[in-house]
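Source file input.txt; content: compact mmCIF, C-alpha atoms.
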# COMPACT_ATOMS: atom_id res chain seq x y z
CA MET A 216 -9.21 -35.23 -17.59
CA ILE A 217 -6.31 -33.00 -16.54
CA ASN A 218 -2.96 -33.74 -18.18
CA ARG A 219 -0.62 -34.23 -15.21
CA SER A 220 2.47 -33.93 -17.43
CA LEU A 221 1.47 -30.49 -18.75
CA PHE A 222 4.29 -28.68 -16.94
CA GLU A 223 6.95 -30.88 -18.57
CA ASN A 224 6.46 -29.08 -21.91
CA THR A 225 9.64 -26.99 -22.09
CA ALA A 226 9.12 -25.90 -25.72
CA THR A 227 6.04 -23.94 -24.60
CA ALA A 228 7.58 -22.93 -21.25
CA PHE A 229 10.60 -21.23 -22.82
CA THR A 230 9.10 -20.19 -26.15
CA LEU A 231 9.99 -16.52 -25.58
CA LYS A 232 13.59 -17.17 -24.53
CA SER A 233 16.38 -16.87 -27.08
CA ASP A 234 19.27 -19.32 -26.78
CA SER A 235 21.37 -16.68 -25.00
CA GLU A 236 18.54 -15.87 -22.54
CA LEU A 237 18.14 -19.59 -21.86
CA GLU A 238 21.87 -19.84 -21.13
CA ARG A 239 21.70 -16.82 -18.82
CA ALA A 240 18.78 -18.38 -16.90
CA TYR A 241 20.69 -21.67 -16.57
CA PHE A 242 23.77 -19.83 -15.28
CA LEU A 243 21.74 -17.76 -12.77
CA PHE A 244 19.90 -20.74 -11.29
CA LYS A 245 23.18 -22.68 -11.06
CA MET A 246 24.55 -19.76 -9.02
CA ILE A 247 21.42 -19.49 -6.86
CA SER A 248 21.53 -23.24 -6.14
CA SER A 249 24.72 -22.67 -4.10
CA GLN A 250 24.02 -21.13 -0.69
CA PRO A 251 27.64 -20.02 -0.11
CA LEU A 252 27.71 -18.30 -3.51
CA VAL A 253 24.44 -16.49 -2.77
CA LYS A 254 25.83 -15.25 0.56
CA ILE A 255 29.11 -14.08 -1.01
CA GLY A 256 27.29 -12.47 -3.96
CA THR A 257 24.84 -10.71 -1.65
CA VAL A 258 27.59 -9.17 0.50
CA ALA A 259 29.70 -8.20 -2.53
CA THR A 260 26.73 -6.59 -4.30
CA LYS A 261 25.72 -4.55 -1.24
CA LEU A 262 29.30 -3.35 -0.74
CA ALA A 263 29.73 -2.43 -4.41
CA LEU A 264 26.46 -0.48 -4.55
CA ASN A 265 27.08 1.32 -1.25
CA ALA A 266 30.56 2.28 -2.47
CA ASN A 267 29.03 3.56 -5.76
CA LEU A 268 31.21 1.21 -7.80
CA PRO A 269 30.16 0.95 -11.49
CA VAL A 270 28.40 -2.43 -11.19
CA GLU A 271 24.84 -1.46 -12.13
CA GLY A 272 25.45 -2.38 -15.78
CA LEU A 273 26.61 -5.87 -14.80
CA ILE A 274 23.66 -6.33 -12.42
CA ARG A 275 21.26 -5.02 -15.07
CA SER A 276 22.46 -7.43 -17.76
CA THR A 277 22.31 -10.50 -15.50
CA VAL A 278 20.09 -10.94 -12.43
CA PHE A 279 18.06 -7.72 -12.86
CA ASP A 280 16.96 -8.33 -16.45
CA HIS A 281 16.07 -11.93 -15.64
CA PHE A 282 13.86 -11.17 -12.61
CA CYS A 283 12.73 -7.57 -13.34
CA GLY A 284 10.91 -5.85 -16.18
CA GLY A 285 12.88 -2.59 -16.15
CA VAL A 286 13.70 0.55 -14.20
CA SER A 287 10.38 2.32 -15.01
CA GLU A 288 6.89 1.55 -16.26
CA GLU A 289 7.84 2.57 -19.80
CA ASP A 290 10.95 0.41 -19.64
CA CYS A 291 8.72 -2.62 -18.90
CA LEU A 292 6.55 -2.23 -22.02
CA PRO A 293 8.56 -4.56 -24.31
CA VAL A 294 8.39 -7.30 -21.63
CA ILE A 295 4.63 -6.75 -21.14
CA ASP A 296 3.92 -6.85 -24.87
CA ASN A 297 6.14 -9.90 -25.37
CA LEU A 298 4.44 -11.89 -22.60
CA TYR A 299 1.00 -11.04 -23.97
CA THR A 300 1.81 -12.58 -27.36
CA GLU A 301 1.64 -15.90 -25.47
CA GLY A 302 -1.51 -15.00 -23.52
CA VAL A 303 0.30 -14.11 -20.29
CA SER A 304 -0.83 -10.86 -18.62
CA SER A 305 1.37 -8.63 -16.43
CA VAL A 306 1.11 -7.21 -12.92
CA LEU A 307 3.64 -4.41 -12.49
CA ASP A 308 5.11 -4.52 -8.97
CA TYR A 309 7.00 -1.40 -7.88
CA SER A 310 9.55 -3.26 -5.76
CA VAL A 311 11.17 -0.41 -3.84
CA GLU A 312 11.15 -1.24 -0.11
CA GLY A 313 11.81 0.26 3.30
CA LYS A 314 10.34 3.77 2.97
CA GLU A 315 9.41 5.62 6.17
CA ILE A 316 8.28 9.20 5.49
CA ASP A 317 5.16 10.80 4.08
CA ASN A 318 6.56 12.16 0.84
CA GLN A 319 7.90 8.67 0.01
CA PHE A 320 4.46 7.18 0.68
CA ASP A 321 2.88 9.86 -1.52
CA GLY A 322 5.45 9.01 -4.19
CA ALA A 323 4.43 5.34 -4.01
CA LEU A 324 0.78 6.40 -4.31
CA GLU A 325 1.52 8.42 -7.46
CA LYS A 326 3.39 5.43 -8.89
CA ILE A 327 0.38 3.12 -8.36
CA LEU A 328 -2.03 5.67 -9.84
CA LYS A 329 0.23 5.93 -12.90
CA ILE A 330 0.23 2.13 -13.23
CA ILE A 331 -3.59 2.14 -13.12
CA ASP A 332 -3.50 4.62 -16.02
CA PHE A 333 -1.19 2.18 -17.83
CA CYS A 334 -3.63 -0.67 -17.11
CA ASP A 335 -6.53 1.34 -18.46
CA GLU A 336 -4.72 1.65 -21.80
CA ARG A 337 -3.53 -1.97 -22.09
CA GLU A 338 -5.51 -5.19 -22.15
CA ALA A 339 -2.32 -7.00 -21.07
CA MET A 340 -2.44 -5.32 -17.64
CA PRO A 341 -5.75 -6.01 -15.83
CA ILE A 342 -4.32 -5.90 -12.28
CA VAL A 343 -2.24 -3.64 -9.98
CA VAL A 344 -0.56 -4.44 -6.67
CA PHE A 345 0.81 -2.61 -3.63
CA LYS A 346 2.00 -3.38 -0.08
CA PRO A 347 0.33 -1.75 2.96
CA SER A 348 3.75 -0.63 4.24
CA GLY A 349 4.27 1.12 0.91
CA PHE A 350 1.51 3.55 1.92
CA GLY A 351 2.34 4.06 5.60
CA ARG A 352 4.69 3.27 8.44
CA PHE A 353 4.79 -0.36 9.56
CA TYR A 354 4.82 0.86 13.17
CA LEU A 355 1.33 2.35 12.82
CA TYR A 356 -0.17 -0.88 11.47
CA GLN A 357 1.51 -2.74 14.34
CA LYS A 358 0.26 -0.30 16.96
CA LYS A 359 -3.31 -0.52 15.62
CA THR A 360 -3.12 -4.34 15.45
CA GLU A 361 -2.02 -4.41 19.10
CA GLY A 362 -5.01 -2.25 20.06
CA LEU A 363 -2.87 0.63 21.34
CA GLU A 364 -4.21 4.16 21.25
CA PHE A 365 -2.79 6.57 18.65
CA THR A 366 -1.52 10.02 19.54
CA LYS A 367 -3.27 12.90 17.77
CA VAL A 368 -0.39 13.12 15.27
CA GLU A 369 -0.54 9.36 14.63
CA GLU A 370 -4.32 9.53 14.17
CA GLU A 371 -3.82 12.13 11.44
CA GLU A 372 -1.07 10.01 9.88
CA TRP A 373 -3.36 6.96 9.88
CA GLY A 374 -6.02 9.07 8.18
CA ARG A 375 -3.55 9.77 5.35
CA ILE A 376 -2.91 6.02 4.99
CA VAL A 377 -6.64 5.36 4.68
CA LYS A 378 -6.89 8.15 2.11
CA ARG A 379 -4.09 6.61 0.01
CA PHE A 380 -5.84 3.22 0.04
CA ASP A 381 -9.13 4.86 -0.88
CA THR A 382 -7.63 6.94 -3.71
CA VAL A 383 -6.18 3.83 -5.37
CA CYS A 384 -9.27 1.66 -4.91
CA LYS A 385 -11.63 4.41 -6.11
CA LEU A 386 -9.64 4.97 -9.31
CA ALA A 387 -9.33 1.21 -9.85
CA LYS A 388 -13.11 0.86 -9.57
CA GLU A 389 -13.61 3.69 -12.09
CA ARG A 390 -11.12 2.11 -14.53
CA ASP A 391 -12.25 -1.51 -13.91
CA VAL A 392 -8.76 -2.57 -12.77
CA GLU A 393 -8.34 -5.14 -9.99
CA VAL A 394 -6.17 -4.23 -6.97
CA LEU A 395 -4.14 -6.87 -5.13
CA ILE A 396 -3.04 -5.70 -1.67
CA ASP A 397 -0.16 -7.77 -0.34
CA SER A 398 0.01 -9.12 3.19
CA GLU A 399 2.96 -8.71 5.53
CA GLU A 400 4.03 -9.83 9.01
CA SER A 401 1.31 -11.16 11.33
CA TRP A 402 1.92 -8.53 14.03
CA MET A 403 0.70 -5.76 11.70
CA GLN A 404 -1.75 -7.73 9.58
CA ASP A 405 -5.01 -7.30 11.54
CA ALA A 406 -4.94 -3.54 10.92
CA ALA A 407 -4.23 -4.09 7.22
CA ASP A 408 -7.00 -6.75 7.01
CA ASP A 409 -9.54 -4.36 8.55
CA LEU A 410 -8.54 -1.57 6.18
CA VAL A 411 -8.71 -3.79 3.09
CA GLU A 412 -12.09 -5.11 4.21
CA GLU A 413 -13.35 -1.52 4.45
CA MET A 414 -12.18 -0.96 0.85
CA MET A 415 -14.03 -4.12 -0.23
CA ARG A 416 -17.16 -2.81 1.48
CA ARG A 417 -16.86 0.45 -0.47
CA TYR A 418 -15.80 -0.82 -3.88
CA ASN A 419 -16.76 -4.52 -4.23
CA SER A 420 -20.53 -4.09 -4.21
CA GLU A 421 -21.00 -5.35 -7.79
CA LYS A 422 -17.90 -7.47 -8.36
CA PRO A 423 -14.44 -8.00 -6.79
CA ILE A 424 -12.13 -5.04 -7.44
CA VAL A 425 -10.15 -5.03 -4.16
CA TYR A 426 -8.28 -8.21 -3.18
CA ASN A 427 -6.68 -9.02 0.16
CA THR A 428 -3.80 -11.54 0.40
CA LEU A 429 -3.94 -14.67 2.54
CA GLN A 430 -0.60 -16.21 3.50
CA CYS A 431 -1.64 -19.83 3.90
CA TYR A 432 1.37 -20.84 5.97
CA ARG A 433 -0.62 -19.12 8.72
CA TRP A 434 -2.96 -21.74 10.21
CA ASP A 435 -5.72 -19.18 10.92
CA ARG A 436 -6.30 -17.86 7.40
CA LEU A 437 -9.12 -20.19 6.31
CA ASP A 438 -11.03 -19.37 9.50
CA TYR A 439 -10.45 -15.67 8.80
CA LEU A 440 -11.75 -16.11 5.23
CA LYS A 441 -14.89 -17.90 6.46
CA SER A 442 -15.67 -15.09 8.91
CA LEU A 443 -15.00 -12.48 6.19
CA HIS A 444 -17.32 -14.41 3.85
CA LYS A 445 -20.12 -14.30 6.41
CA ARG A 446 -19.71 -10.53 6.85
CA ALA A 447 -19.62 -10.03 3.08
CA LYS A 448 -22.89 -11.93 2.62
CA ASP A 449 -24.53 -10.06 5.50
CA GLN A 450 -23.38 -6.65 4.25
CA GLY A 451 -23.67 -7.22 0.49
CA PHE A 452 -20.14 -7.03 -0.90
CA LYS A 453 -17.94 -9.40 -2.91
CA ILE A 454 -14.57 -10.75 -1.77
CA GLY A 455 -11.31 -10.82 -3.70
CA VAL A 456 -8.39 -12.83 -2.31
CA LYS A 457 -4.92 -13.67 -3.48
CA ILE A 458 -3.71 -16.89 -1.87
CA VAL A 459 -0.01 -17.58 -1.40
CA ARG A 460 1.97 -19.81 0.91
CA GLY A 461 3.90 -16.93 2.50
CA ALA A 462 7.16 -15.02 2.73
CA TYR A 463 8.14 -14.38 6.37
CA MET A 464 8.27 -17.84 7.94
CA GLU A 465 11.63 -17.72 9.73
CA LYS A 466 10.97 -14.21 11.05
CA GLU A 467 7.49 -15.22 12.29
CA ARG A 468 8.71 -18.31 14.15
CA GLN A 469 11.65 -16.48 15.70
CA ARG A 470 9.48 -13.62 17.00
CA ALA A 471 6.89 -16.03 18.42
CA GLU A 472 9.64 -17.89 20.29
CA GLU A 473 11.26 -14.70 21.58
CA LYS A 474 7.96 -13.22 22.81
CA GLY A 475 6.47 -16.48 24.06
CA TYR A 476 3.28 -16.73 22.01
CA LYS A 477 2.02 -19.55 19.79
CA SER A 478 3.59 -19.44 16.33
CA PRO A 479 1.08 -18.34 13.67
CA ILE A 480 2.83 -20.65 11.17
CA CYS A 481 1.62 -24.17 10.30
CA GLU A 482 3.69 -26.87 11.98
CA ASN A 483 5.21 -28.28 8.76
CA LYS A 484 5.14 -28.11 4.97
CA LYS A 485 2.38 -30.72 4.61
CA ALA A 486 0.12 -28.75 6.95
CA THR A 487 0.83 -25.60 4.90
CA ASP A 488 0.10 -27.39 1.61
CA ASP A 489 -3.15 -28.82 3.03
CA HIS A 490 -4.19 -25.40 4.36
CA PHE A 491 -3.48 -23.77 0.98
CA ASN A 492 -5.47 -26.40 -0.91
CA ASN A 493 -8.36 -26.36 1.60
CA THR A 494 -8.53 -22.57 1.29
CA LEU A 495 -8.50 -22.88 -2.51
CA LYS A 496 -11.32 -25.44 -2.40
CA TYR A 497 -13.42 -23.23 -0.10
CA ILE A 498 -13.06 -20.35 -2.56
CA LEU A 499 -13.94 -22.42 -5.63
CA ASP A 500 -16.93 -23.82 -3.69
CA ASN A 501 -18.10 -20.20 -3.25
CA LEU A 502 -17.00 -18.61 -6.52
CA ASN A 503 -20.17 -16.51 -6.80
CA ASP A 504 -19.06 -14.59 -3.71
CA ILE A 505 -15.25 -14.88 -3.82
CA ALA A 506 -12.75 -14.30 -6.63
CA VAL A 507 -9.25 -15.76 -6.36
CA PHE A 508 -5.74 -15.00 -7.59
CA ILE A 509 -3.77 -18.23 -7.07
CA GLY A 510 -0.22 -17.04 -6.45
CA THR A 511 1.85 -20.21 -6.43
CA HIS A 512 4.90 -21.93 -7.90
CA ASN A 513 3.65 -25.26 -6.56
CA GLU A 514 2.75 -27.57 -9.44
CA ASN A 515 0.49 -29.84 -7.36
CA SER A 516 -1.63 -26.90 -6.20
CA CYS A 517 -2.00 -25.74 -9.81
CA TYR A 518 -3.07 -29.23 -10.92
CA TYR A 519 -5.49 -29.37 -7.97
CA ALA A 520 -7.04 -26.03 -9.00
CA MET A 521 -7.40 -27.25 -12.59
CA GLU A 522 -9.04 -30.48 -11.44
CA LEU A 523 -11.50 -28.62 -9.19
CA MET A 524 -12.36 -26.20 -11.99
CA GLU A 525 -13.04 -29.12 -14.33
CA ALA A 526 -15.10 -30.99 -11.72
CA TYR A 527 -17.17 -27.87 -10.91
CA GLY A 528 -17.62 -26.86 -14.56
CA ILE A 529 -15.76 -23.56 -14.05
CA SER A 530 -14.65 -22.08 -17.36
CA LYS A 531 -10.87 -21.71 -17.80
CA SER A 532 -11.46 -18.07 -18.76
CA ASN A 533 -13.69 -17.24 -15.77
CA ASN A 534 -12.37 -13.87 -14.56
CA ASN A 535 -12.89 -14.90 -10.93
CA VAL A 536 -9.94 -17.34 -11.20
CA TRP A 537 -6.40 -16.19 -12.01
CA PHE A 538 -3.06 -17.97 -11.70
CA GLY A 539 0.11 -15.97 -11.05
CA GLN A 540 3.86 -16.53 -10.85
CA LEU A 541 6.88 -14.28 -10.51
CA TYR A 542 8.66 -13.03 -13.62
CA GLY A 543 11.81 -15.06 -14.23
CA MET A 544 10.49 -18.13 -12.38
CA SER A 545 8.19 -21.09 -13.09
CA ASP A 546 7.73 -20.35 -16.79
CA HIS A 547 6.79 -24.03 -17.19
CA ILE A 548 3.66 -23.29 -15.13
CA SER A 549 2.76 -19.85 -16.50
CA PHE A 550 3.14 -20.46 -20.22
CA ASN A 551 1.66 -23.96 -20.24
CA LEU A 552 -1.40 -22.77 -18.27
CA ALA A 553 -1.83 -19.83 -20.66
CA ALA A 554 -1.53 -22.15 -23.67
CA GLU A 555 -4.40 -24.19 -22.19
CA GLY A 556 -6.59 -21.07 -21.97
CA TYR A 557 -6.38 -20.25 -18.24
CA ASN A 558 -6.06 -16.67 -16.94
CA VAL A 559 -2.38 -16.23 -16.09
CA SER A 560 -0.26 -13.26 -15.12
CA LYS A 561 3.35 -12.64 -14.21
CA TYR A 562 4.31 -10.38 -11.30
CA ILE A 563 6.89 -8.05 -12.86
CA PRO A 564 9.09 -6.19 -10.36
CA PHE A 565 10.51 -2.88 -11.54
CA GLY A 566 12.32 0.19 -10.22
CA PRO A 567 15.81 1.71 -10.13
CA VAL A 568 18.47 -1.03 -10.00
CA LYS A 569 19.90 0.09 -6.64
CA ASP A 570 16.47 0.42 -5.02
CA VAL A 571 15.27 -2.99 -6.24
CA MET A 572 18.36 -4.88 -5.02
CA PRO A 573 16.88 -5.67 -1.55
CA TYR A 574 13.99 -7.39 -3.35
CA LEU A 575 16.35 -9.34 -5.65
CA ILE A 576 18.57 -10.39 -2.76
CA ARG A 577 15.55 -11.67 -0.83
CA ARG A 578 14.41 -13.62 -3.90
CA ALA A 579 17.85 -15.25 -4.24
CA GLU A 580 17.89 -16.16 -0.54
CA GLU A 581 14.35 -17.56 -0.71
CA ASN A 582 15.26 -19.72 -3.72
CA THR A 583 18.19 -21.28 -1.88
CA SER A 584 15.94 -22.07 1.12
CA VAL A 585 12.96 -23.51 -0.81
CA ALA A 586 13.73 -27.18 -1.26
CA GLY A 587 13.32 -28.30 -4.85
CA GLN A 588 12.46 -24.92 -6.42
CA THR A 589 15.88 -24.16 -7.89
CA SER A 590 16.64 -27.77 -8.84
CA ARG A 591 13.31 -27.96 -10.68
CA GLU A 592 14.10 -24.79 -12.63
CA LEU A 593 17.54 -26.17 -13.49
CA SER A 594 16.24 -29.55 -14.66
CA LEU A 595 13.72 -27.90 -17.00
CA LEU A 596 16.30 -25.47 -18.40
CA LYS A 597 18.67 -28.39 -18.94
CA LYS A 598 15.93 -30.34 -20.73
CA GLU A 599 15.24 -27.38 -23.05
CA ARG A 600 18.94 -26.90 -23.76
CA LEU A 601 19.12 -30.53 -24.85
CA ARG A 602 15.98 -30.18 -26.97
CA ARG A 603 17.51 -27.16 -28.74
CA LYS A 604 20.88 -28.93 -28.93
CA ILE A 605 22.64 -25.97 -27.28
Could you rewrite the structure in this file as structure tokens?
Amino acid sequence: MINRSLFENTATAFTLKSDSELERAYFLFKMISSQPLVKIGTVATKLALNANLPVEGLIRSTVFDHFCGGVSEEDCLPVIDNLYTEGVSSVLDYSVEGKEIDNQFDGALEKILKIIDFCDEREAMPIVVFKPSGFGRFYLYQKKTEGLEFTKVEEEEWGRIVKRFDTVCKLAKERDVEVLIDSEESWMQDAADDLVEEMMRRYNSEKPIVYNTLQCYRWDRLDYLKSLHKRAKDQGFKIGVKIVRGAYMEKERQRAEEKGYKSPICENKKATDDHFNNTLKYILDNLNDIAVFIGTHNENSCYYAMELMEAYGISKSNNNVWFGQLYGMSDHISFNLAAEGYNVSKYIPFGPVKDVMPYLIRRAEENTSVAGQTSRELSLLKKERLRRKI
């Protein structure tokens, strides 16, 4: 019988936080809970960084250190080691966005290969992650998704993208490290899906190494998974999927309205939650063929996964089932799941402070727009402060 009050245990949730770190977290989430403050802070931070004002130290000691592991892989090691003392693994996420030229894509490739080397040396890091647009121009994925013909130069450029994917997946297979490939906007995703499927065909013959990401706020993702499953069985490869709710909802709906096509987004939150849970159930019903990384901050979906695992007799430590949350958020889920023996990892963003700010700003804006997320964090932090008599 699953304990439905598991995530109320704040002593376990915040076991790694000192009193001062707990106070910092409480202060940050209080700030994030105010939409006007987030907007003002976002504008002020962008202006200060663009003007090269000496604010990096302030950013580093507050929002950056709460939500990020460090400025480099080496800088993240104390965080990685600390998390692992409580059974929580780490997924280093190089969170530098918006690159557009080949040498930047090659730089991102070298960064991921270096992280795989890190993973090979550390039990605490079994997984790596990258975004398709980190390895090539968004425009090319979009053009391929739309079925438009490449120029000769674009064809060569696409070949370099495929080579970057292959280089990472090949090394990951050799080192037995799992690769999560993030999903992005729907109008480029078909090309990314096809490319990730090709990597699965090459490198998932024995077990899942390459994972695609399904954004379950898209109503077509379970159908896509079922068709992928059929191809995998026919062609003899395993599937890895990370399931999330999604990150581009407003942009997706706006574009669909502007261009006059049916929105790819579920009609409401309940439909999204149902689609996520139905997708999760389909995977756990087919765990011999499909491995899953459950990327969610939704407590009900975590309880649902635990209940299904118990009902199906799936071991908590089965490597085909992982739970994941973002560093600096939902510690009440991550640490309590790990304490119960489940496979859990934290996504740990890292990179130079200035380069990671777009990521941090988006996180702050998402937190203000997700009903209940910030207030839940605040109520748990408040409960722990009272327990510690701070």
Excluding same-chain residues fewer than 6 positions from region 553-560 of chain A, what lies within 8 Å of it counting all atoms listed in the file, as an mmCIF file with C-alpha atoms, in the coordinates of the input?
data_model
loop_
_atom_site.group_PDB
_atom_site.id
_atom_site.type_symbol
_atom_site.label_atom_id
_atom_site.label_comp_id
_atom_site.auth_asym_id
_atom_site.auth_seq_id
_atom_site.Cartn_x
_atom_site.Cartn_y
_atom_site.Cartn_z
ATOM 1 C CA THR A 227 6.040 -23.940 -24.600
ATOM 2 C CA GLU A 301 1.640 -15.900 -25.470
ATOM 3 C CA GLY A 302 -1.510 -15.000 -23.520
ATOM 4 C CA VAL A 303 0.300 -14.110 -20.290
ATOM 5 C CA SER A 304 -0.830 -10.860 -18.620
ATOM 6 C CA SER A 305 1.370 -8.630 -16.430
ATOM 7 C CA VAL A 306 1.110 -7.210 -12.920
ATOM 8 C CA LYS A 531 -10.870 -21.710 -17.800
ATOM 9 C CA SER A 532 -11.460 -18.070 -18.760
ATOM 10 C CA ASN A 533 -13.690 -17.240 -15.770
ATOM 11 C CA ASN A 534 -12.370 -13.870 -14.560
ATOM 12 C CA VAL A 536 -9.940 -17.340 -11.200
ATOM 13 C CA TRP A 537 -6.400 -16.190 -12.010
ATOM 14 C CA PHE A 538 -3.060 -17.970 -11.700
ATOM 15 C CA GLY A 539 0.110 -15.970 -11.050
ATOM 16 C CA GLN A 540 3.860 -16.530 -10.850
#
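Across the model, the gap from CA of Phe380 (chain A) to CA of Pro347 (chain A) is 8.4 Å.
Going from CA of Lys598 (chain A) to CA of Ile247 (chain A) covers 18.4 Å.
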Excluding Asn501 (chain A) and residues on its chain fewer than 5 positions from it, collect all residues at most 12 Å away from it, counting all atoms listed in the file, and give them as number ranges by chain. A: 440-441, 444-445, 448, 453-455, 494-496, 506-507, 527, 529, 535-536
Written file, previous selection with C-alpha atoms, as a short mmCIF file (atom, residue, chain, number, x, y, z; two decimals), keeping the file's coordinate frame:
data_model
loop_
_atom_site.label_atom_id
_atom_site.label_comp_id
_atom_site.auth_asym_id
_atom_site.auth_seq_id
_atom_site.Cartn_x
_atom_site.Cartn_y
_atom_site.Cartn_z
CA LEU A 440 -11.75 -16.11 5.23
CA LYS A 441 -14.89 -17.90 6.46
CA HIS A 444 -17.32 -14.41 3.85
CA LYS A 445 -20.12 -14.30 6.41
CA LYS A 448 -22.89 -11.93 2.62
CA LYS A 453 -17.94 -9.40 -2.91
CA ILE A 454 -14.57 -10.75 -1.77
CA GLY A 455 -11.31 -10.82 -3.70
CA THR A 494 -8.53 -22.57 1.29
CA LEU A 495 -8.50 -22.88 -2.51
CA LYS A 496 -11.32 -25.44 -2.40
CA ALA A 506 -12.75 -14.30 -6.63
CA VAL A 507 -9.25 -15.76 -6.36
CA TYR A 527 -17.17 -27.87 -10.91
CA ILE A 529 -15.76 -23.56 -14.05
CA ASN A 535 -12.89 -14.90 -10.93
CA VAL A 536 -9.94 -17.34 -11.20
#
Quick one: everything within 9 Å of His281 (chain A), counting only C-alpha atoms, minus sequence neighbours fewer than 2 positions away in the same chain. Send it as a list in words. Glu236, Arg239, Ala240, Leu243, Arg275, Ser276, Thr277, Val278, Phe279, Cys283, Gly284, Tyr542, Gly543 and Met544 of chain A
Just to be explicit: take each residue in the selection above, keep C-alpha atoms, and write the result as a PDB file, in the coordinates of the input.
ATOM      1  CA  GLU A 236      18.540 -15.870 -22.540  1.00  0.00           C
ATOM      2  CA  ARG A 239      21.700 -16.820 -18.820  1.00  0.00           C
ATOM      3  CA  ALA A 240      18.780 -18.380 -16.900  1.00  0.00           C
ATOM      4  CA  LEU A 243      21.740 -17.760 -12.770  1.00  0.00           C
ATOM      5  CA  ARG A 275      21.260  -5.020 -15.070  1.00  0.00           C
ATOM      6  CA  SER A 276      22.460  -7.430 -17.760  1.00  0.00           C
ATOM      7  CA  THR A 277      22.310 -10.500 -15.500  1.00  0.00           C
ATOM      8  CA  VAL A 278      20.090 -10.940 -12.430  1.00  0.00           C
ATOM      9  CA  PHE A 279      18.060  -7.720 -12.860  1.00  0.00           C
ATOM     10  CA  CYS A 283      12.730  -7.570 -13.340  1.00  0.00           C
ATOM     11  CA  GLY A 284      10.910  -5.850 -16.180  1.00  0.00           C
ATOM     12  CA  TYR A 542       8.660 -13.030 -13.620  1.00  0.00           C
ATOM     13  CA  GLY A 543      11.810 -15.060 -14.230  1.00  0.00           C
ATOM     14  CA  MET A 544      10.490 -18.130 -12.380  1.00  0.00           C
TER      15      MET A 544
END
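For the pair CA of Gly461 (chain A) and CA of Ser348 (chain A), the interatomic distance is 16.4 Å.
The environment of Leu593 (chain A) within 12 Å, counting all atoms listed in the file and disregarding residues fewer than 2 places along the same chain, consists of Thr225, Leu237, Glu238, Arg239, Ala240, Tyr241, Phe242, Leu243, Phe244, Lys245, Met246, Ile247, Ser248, Met544, Ser545, Asp546, His547, Asn582, Gly587, Gln588, Thr589, Ser590, Arg591, Leu595, Leu596, Lys597, Lys598, Glu599 and Arg600 of chain A.
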8 Å contact set for Pro567 (chain A), all atoms listed in the file, chain neighbours under 3 positions out, as a PyMOL selection string: chain A and resi 285-287+570-571
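Selecting by distance to (1.1, 7.1, -2.2) with a limit of 9 Å and using only C-alpha atoms, one obtains A:Asp317, A:Asn318, A:Gln319, A:Phe320, A:Asp321, A:Gly322, A:Ala323, A:Leu324, A:Glu325, A:Lys326, A:Ile327, A:Leu328, A:Gly349, A:Phe350, A:Gly351, A:Ile376, A:Arg379, A:Phe380, A:Thr382, A:Val383.
For the choices A:Ile331, A:Cys517, A:Ile217, A:Cys384, the atom-to-atom distance to Tyr418 (chain A) is smallest for A:Cys384 when using only C-alpha atoms.
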Between A:Leu231, A:Met415, A:Ile576, A:Val294, which residue has the minimum interatomic distance to Arg446 (chain A), considering all atoms listed in the file? A:Met415
Nearest to Asp409 (chain A) among A:Ala520, A:Ile342, A:Leu443, A:Val394, with distances taken over all atoms listed in the file: which residue is it? A:Leu443
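Nearest to Trp434 (chain A) of all the residues A:Pro341, A:Pro573, A:Gly256, A:Pro479 is A:Pro479, based on only C-alpha atoms.
Checking A:Asp391, A:Glu361, A:Glu522, A:Asp381 one by one against Glu413 (chain A), counting all atoms listed in the file, you find the shortest gap at A:Asp381.
Distances here use only C-alpha atoms; by that measure, the residue among A:Arg337, A:Arg468, A:Lys474, A:Arg219 closest to Ser516 (chain A) is A:Arg219.
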Please tell me which residues are no farther than 6 Å from (-11.6, -4.6, -6.3) in the file, counting only C-alpha atoms, and write them as a PyMOL selection string. chain A and resi 393-394+419+423-426
Using the incomplete input, complete region 553-559 of chain A to the level of N, CA and C atoms; output as a JSON list (two decimals), in the coordinates of the input.
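rebuild.json, written as the output of this step:
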[["chain", "number", "residue", "atom", "x", "y", "z"],
["A", 553, "ALA", "N", -1.29, -20.80, -19.69],
["A", 553, "ALA", "CA", -1.83, -19.83, -20.66],
["A", 553, "ALA", "C", -2.16, -20.51, -21.98],
["A", 554, "ALA", "N", -1.29, -21.43, -22.41],
["A", 554, "ALA", "CA", -1.53, -22.15, -23.67],
["A", 554, "ALA", "C", -2.79, -23.00, -23.61],
["A", 555, "GLU", "N", -3.17, -23.40, -22.38],
["A", 555, "GLU", "CA", -4.40, -24.19, -22.19],
["A", 555, "GLU", "C", -5.64, -23.31, -22.06],
["A", 556, "GLY", "N", -5.45, -21.98, -22.00],
["A", 556, "GLY", "CA", -6.59, -21.07, -21.97],
["A", 556, "GLY", "C", -6.94, -20.52, -20.60],
["A", 557, "TYR", "N", -6.12, -20.78, -19.58],
["A", 557, "TYR", "CA", -6.38, -20.25, -18.24],
["A", 557, "TYR", "C", -5.93, -18.78, -18.16],
["A", 558, "ASN", "N", -6.50, -18.04, -17.21],
["A", 558, "ASN", "CA", -6.06, -16.67, -16.94],
["A", 558, "ASN", "C", -4.76, -16.72, -16.15],
["A", 559, "VAL", "N", -3.70, -16.16, -16.72],
["A", 559, "VAL", "CA", -2.38, -16.23, -16.09],
["A", 559, "VAL", "C", -1.73, -14.86, -16.16]]
